[in-house]
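A short worksheet on the structure shown next.
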Amino acid sequence: MAISIPEATIGSSGQKIPILGFGTADFPFGSSYEVVKESVINAIEAGYRHFDTAAAYQSEKPLGDAIAESLKLGLIRSRDELFITSKLFPSDAYPGLVIPALQQTLENLGLEYLDLYLIHFPASLKAGCGFPFEPEDIVAMDMEAVWKDMEEGQILGLTKSIGVSNFTCKKIEMLLSTARIPPAVNQVEINPLWQQEKLRKYCEKKGIHITAYSVLGGRGTPWGANKVMESEVLNQIASARGKTLPQVCLRWVYEQGVSLVVKSFNKERMKENLKIFEWKLNAEDLQKIDQIPQQRSCPTNHFVSENGPYKSLLELWDGEV
């Protein structure tokens with residue numbers, strides 16, 4: 001029997017986002033069509049209803065095919081039961097390219113609309129660049145013009161909501177100064193070792209919902225680290241509570257009032273990750289987690305370049321490193 005996942009409200013429309021989402025980024029990107037497709041079908045069967053993809057991940061096509069297959073199998077009655085997030089690739093983050101990129105994403109997915117479309121990163125790449133890219137390919141993004149096209153995508157009904165990813169308080173403030181439609185969501189790294197308290201409070205004040213990624217530290221990716229999974233404090237809490245360390249991390253993130261996206265293509269771990277709603281961390285657990293030294297697991301160094309818009313990590317993250 002599929003587990004029912006709680007929902008949060010995003011934006012001003014009353015749109016609901018499932019609190020726990022399923023990530024589809026498998027590295028190297030685009031290398032495992034069948035694995036991604038099968039994993040999504042298994043995730044739908046287990047109860048996941050929010051699926052997170054991006055043009056960068058090259059997982060839109062297998063996700064779309066898995067949705068179509070799940071409909072045929074009767075695992076879901078209609079596409080409307082799902083919440084689908086995708087993201088604008090930085091080489092398409094230019095005025096005039098956003099709508100075609102969004103339309104291509106919908107074609108890849110075989111869908112008529114997205115639930116949420118995000119600017120993947122607050123920088124552009126030279127047109128035509130893919131992943132990986134060279135430092136000289138990174139250029140400043142015309143945030144006002146790109147966001148205007150994002151708004152147009154929502155107005156046209158190609159996506160129900162729009163948002164950003166990897167935006168700091170300062171960058172959101174810049175965006176809000178010219179936006180007609182404020183971002184509904186900011187998707188950022190959050191985990192017990194990078195708690196983002198300042199950003200969480202700022203986004204709450206502005207009515208922007210946060211979705212957490214790399215809740216386990218992004219282990220196994222070129223930009224992640226093992227620090228979360230190796231945390232002695234988290235291991236001690238997990239052992240004392242009779243839970244797994246990932247369950248402790250996911251539960252902690254959930255208790256911060258944000259939604260989260262987690263990726264595991266292992267069927268048993270998929271189910272395990274869903275078992276975070278019927279128990280709570282106690283005050284002692286939370287106090288211990290509050291005292292963990294803070295450090296980003298995913299600093300995204302590859303967007304730092306001597307001649308680019310961000311010459312240091314301090315500049316990229318506006319001092320929040």
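Convention: chains lettered A, B, ... in structure tokens order; per-chain residue numbering from 1; ligands numbered from 1 as shown.
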
Per DSSP on the backbone, filter region 160-277 of chain A down to the residues in strand (DSSP E) and report them as an NGL selection string. :A and (160-165 or 185-189 or 209-213 or 259-262)

Given the selection you just returned, output its residues as a file containing N, CA and C atoms, formatted as an mmCIF file, in the first residue's frame.
data_model
loop_
_atom_site.group_PDB
_atom_site.id
_atom_site.type_symbol
_atom_site.label_atom_id
_atom_site.label_comp_id
_atom_site.auth_asym_id
_atom_site.auth_seq_id
_atom_site.Cartn_x
_atom_site.Cartn_y
_atom_site.Cartn_z
ATOM 1 N N LYS A 160 2.520 25.814 -13.936
ATOM 2 C CA LYS A 160 1.605 26.405 -12.955
ATOM 3 C C LYS A 160 2.302 27.422 -12.064
ATOM 4 N N SER A 161 3.570 27.150 -11.741
ATOM 5 C CA SER A 161 4.337 28.060 -10.883
ATOM 6 C C SER A 161 5.756 28.173 -11.408
ATOM 7 N N ILE A 162 6.425 29.252 -11.003
ATOM 8 C CA ILE A 162 7.820 29.460 -11.364
ATOM 9 C C ILE A 162 8.615 29.754 -10.100
ATOM 10 N N GLY A 163 9.909 29.498 -10.190
ATOM 11 C CA GLY A 163 10.754 29.726 -9.034
ATOM 12 C C GLY A 163 12.212 29.736 -9.421
ATOM 13 N N VAL A 164 13.064 29.625 -8.411
ATOM 14 C CA VAL A 164 14.507 29.696 -8.608
ATOM 15 C C VAL A 164 15.183 28.567 -7.836
ATOM 16 N N SER A 165 16.459 28.382 -8.124
ATOM 17 C CA SER A 165 17.261 27.406 -7.396
ATOM 18 C C SER A 165 18.643 27.995 -7.175
ATOM 19 N N VAL A 185 9.002 29.250 -5.241
ATOM 20 C CA VAL A 185 9.898 28.290 -4.591
ATOM 21 C C VAL A 185 11.348 28.708 -4.820
ATOM 22 N N ASN A 186 12.196 28.442 -3.837
ATOM 23 C CA ASN A 186 13.652 28.506 -3.984
ATOM 24 C C ASN A 186 14.190 27.150 -3.576
ATOM 25 N N GLN A 187 14.801 26.427 -4.512
ATOM 26 C CA GLN A 187 15.338 25.098 -4.214
ATOM 27 C C GLN A 187 16.835 25.227 -3.931
ATOM 28 N N VAL A 188 17.245 24.848 -2.728
ATOM 29 C CA VAL A 188 18.627 25.050 -2.283
ATOM 30 C C VAL A 188 19.101 23.856 -1.455
ATOM 31 N N GLU A 189 20.419 23.799 -1.261
ATOM 32 C CA GLU A 189 20.976 22.779 -0.384
ATOM 33 C C GLU A 189 20.588 23.065 1.061
ATOM 34 N N HIS A 209 8.372 29.502 -0.701
ATOM 35 C CA HIS A 209 8.552 28.158 -0.145
ATOM 36 C C HIS A 209 9.953 27.644 -0.495
ATOM 37 N N ILE A 210 10.563 26.936 0.433
ATOM 38 C CA ILE A 210 11.880 26.342 0.166
ATOM 39 C C ILE A 210 11.743 24.831 -0.020
ATOM 40 N N THR A 211 12.400 24.351 -1.071
ATOM 41 C CA THR A 211 12.588 22.909 -1.254
ATOM 42 C C THR A 211 14.070 22.619 -1.071
ATOM 43 N N ALA A 212 14.378 21.633 -0.253
ATOM 44 C CA ALA A 212 15.768 21.277 0.041
ATOM 45 C C ALA A 212 16.250 20.182 -0.901
ATOM 46 N N TYR A 213 17.475 20.382 -1.426
ATOM 47 C CA TYR A 213 18.141 19.288 -2.148
ATOM 48 C C TYR A 213 19.426 18.934 -1.400
ATOM 49 N N SER A 259 9.919 21.620 2.122
ATOM 50 C CA SER A 259 9.805 20.339 1.430
ATOM 51 C C SER A 259 11.206 19.879 1.031
ATOM 52 N N LEU A 260 11.322 18.672 0.549
ATOM 53 C CA LEU A 260 12.639 18.149 0.216
ATOM 54 C C LEU A 260 12.570 17.159 -0.929
ATOM 55 N N VAL A 261 13.691 17.031 -1.617
ATOM 56 C CA VAL A 261 13.832 16.084 -2.711
ATOM 57 C C VAL A 261 14.988 15.155 -2.363
ATOM 58 N N VAL A 262 14.746 13.863 -2.441
ATOM 59 C CA VAL A 262 15.799 12.890 -2.146
ATOM 60 C C VAL A 262 15.861 11.875 -3.275
#

What's around region 290-294 of chain A at 9 Å? Count only C-alpha atoms, leave out sequence neighbours fewer than 4 positions away in its own chain, and write the answer as a list of chain:residue names.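 Once the adjacent positions are removed, what remains is A:Pro192, A:Leu193, A:Trp194, A:Gln195, A:Ser231, A:Val233, A:Asp285, A:Leu286, A:Val321.
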
If you measure from CA of Gly130 (chain A) to CA of Ser32 (chain A), what distance in Å do you get, rounded to one decimal?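 CA of Ser32 (chain A) lies at a distance of 17.7 Å from CA of Gly130 (chain A).
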
With distances taken over only C-alpha atoms, which residue among A:Ile237, A:Ala145, A:Thr24, A:Gly257 lies nearest Ala283 (chain A)?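 Using only C-alpha atoms, Ala283 (chain A) sits closest to A:Ile237.
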
What are the DSSP alpha helix (DSSP H) residues of region 96-174 of chain A, as a VMD selection string? chain A and resid 98 to 109 143 to 155 169 to 174

For region 41-44 of chain A, work out the shell of residues within 12 Å, counting only C-alpha atoms and skipping chain neighbours fewer than 6 positions away, then give it as a ChimeraX atom specification. /A:1-5,20-24,34-35,50-51,62-77,79,81-83,262-274

From the list A:Phe89, A:Asn108, A:Met150, A:Ser124, the nearest residue to Ile138 (chain A) using only C-alpha atoms is A:Ser124

Please report the interatomic distance between CA of Ser78 (chain A) and CA of Lys275 (chain A) in Å with one decimal.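 That distance, rounded to one decimal, is 25.2 Å.
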
Between A:Arg241, A:Lys148, A:Lys61, A:Lys205, which residue has the minimum interatomic distance to Leu106 (chain A), considering only C-alpha atoms? A:Lys61

So that I can check the surroundings of Gly217 (chain A), please list as JSON, numbers by chain every protein, DNA and RNA residue that reaches within 9 Å of it, counting only C-alpha atoms and ignoring chain neighbours fewer than 3 positions away. {"A": [189, 190, 191, 193, 194, 213, 214, 224, 225, 226, 227, 228, 229, 296, 297, 298]}

Mind dumping the selected residues with N, CA, C and O atoms as a CSV table (one decimal), in the first residue's frame?
chain,number,residue,atom,x,y,z
A,189,GLU,N,20.4,23.8,-1.3
A,189,GLU,CA,21.0,22.8,-0.4
A,189,GLU,C,20.6,23.1,1.1
A,189,GLU,O,20.8,24.2,1.6
A,190,ILE,N,20.0,22.1,1.7
A,190,ILE,CA,19.7,22.1,3.2
A,190,ILE,C,19.9,20.7,3.7
A,190,ILE,O,19.4,19.8,3.2
A,191,ASN,N,20.7,20.7,4.8
A,191,ASN,CA,20.8,19.4,5.5
A,191,ASN,C,21.4,19.8,6.9
A,191,ASN,O,21.6,21.0,7.2
A,193,LEU,N,24.1,19.7,8.2
A,193,LEU,CA,25.5,20.3,8.2
A,193,LEU,C,25.4,21.6,7.4
A,193,LEU,O,26.4,22.3,7.4
A,194,TRP,N,24.3,22.0,6.8
A,194,TRP,CA,24.2,23.3,6.1
A,194,TRP,C,22.7,23.7,6.3
A,194,TRP,O,21.9,23.5,5.4
A,213,TYR,N,17.5,20.4,-1.4
A,213,TYR,CA,18.1,19.3,-2.1
A,213,TYR,C,19.4,18.9,-1.4
A,213,TYR,O,19.8,19.6,-0.5
A,214,SER,N,20.1,17.9,-1.8
A,214,SER,CA,21.3,17.4,-1.1
A,214,SER,C,21.1,17.2,0.4
A,214,SER,O,21.9,17.6,1.2
A,224,GLY,N,29.1,17.0,-4.6
A,224,GLY,CA,28.7,16.7,-3.2
A,224,GLY,C,29.9,16.3,-2.4
A,224,GLY,O,31.0,16.4,-2.7
A,225,ALA,N,29.5,15.8,-1.2
A,225,ALA,CA,30.5,15.4,-0.2
A,225,ALA,C,29.9,14.3,0.7
A,225,ALA,O,28.7,14.1,0.7
A,226,ASN,N,30.8,13.6,1.4
A,226,ASN,CA,30.3,12.5,2.3
A,226,ASN,C,30.1,13.0,3.8
A,226,ASN,O,29.8,12.2,4.6
A,227,LYS,N,30.3,14.3,4.0
A,227,LYS,CA,30.3,14.7,5.4
A,227,LYS,C,29.1,14.4,6.2
A,227,LYS,O,29.1,14.1,7.4
A,228,VAL,N,27.9,14.6,5.5
A,228,VAL,CA,26.6,14.3,6.2
A,228,VAL,C,26.5,12.9,6.6
A,228,VAL,O,26.2,12.6,7.8
A,229,MET,N,26.8,12.0,5.7
A,229,MET,CA,26.7,10.5,6.0
A,229,MET,C,27.7,10.0,7.0
A,229,MET,O,27.5,9.0,7.6
A,296,ARG,N,28.9,24.0,3.7
A,296,ARG,CA,28.2,23.5,2.5
A,296,ARG,C,28.8,22.2,2.0
A,296,ARG,O,30.0,22.0,2.0
A,297,SER,N,27.9,21.3,1.6
A,297,SER,CA,28.4,20.1,0.9
A,297,SER,C,28.6,20.3,-0.6
A,297,SER,O,29.4,19.7,-1.2
A,298,CYS,N,27.8,21.2,-1.1
A,298,CYS,CA,27.8,21.5,-2.6
A,298,CYS,C,28.1,22.9,-2.9
A,298,CYS,O,27.1,23.7,-3.2

Calculate how many Å separate CA of Glu315 (chain A) from CA of Gln196 (chain A), rounding to one decimal.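 Between CA of Glu315 (chain A) and CA of Gln196 (chain A) the gap works out to 16.9 Å.
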
Ranking A:Val36, A:Ala127, A:Ile119, A:Ile99 by minimum distance to Lys87 (chain A) and counting only C-alpha atoms, which one comes first? A:Ile119
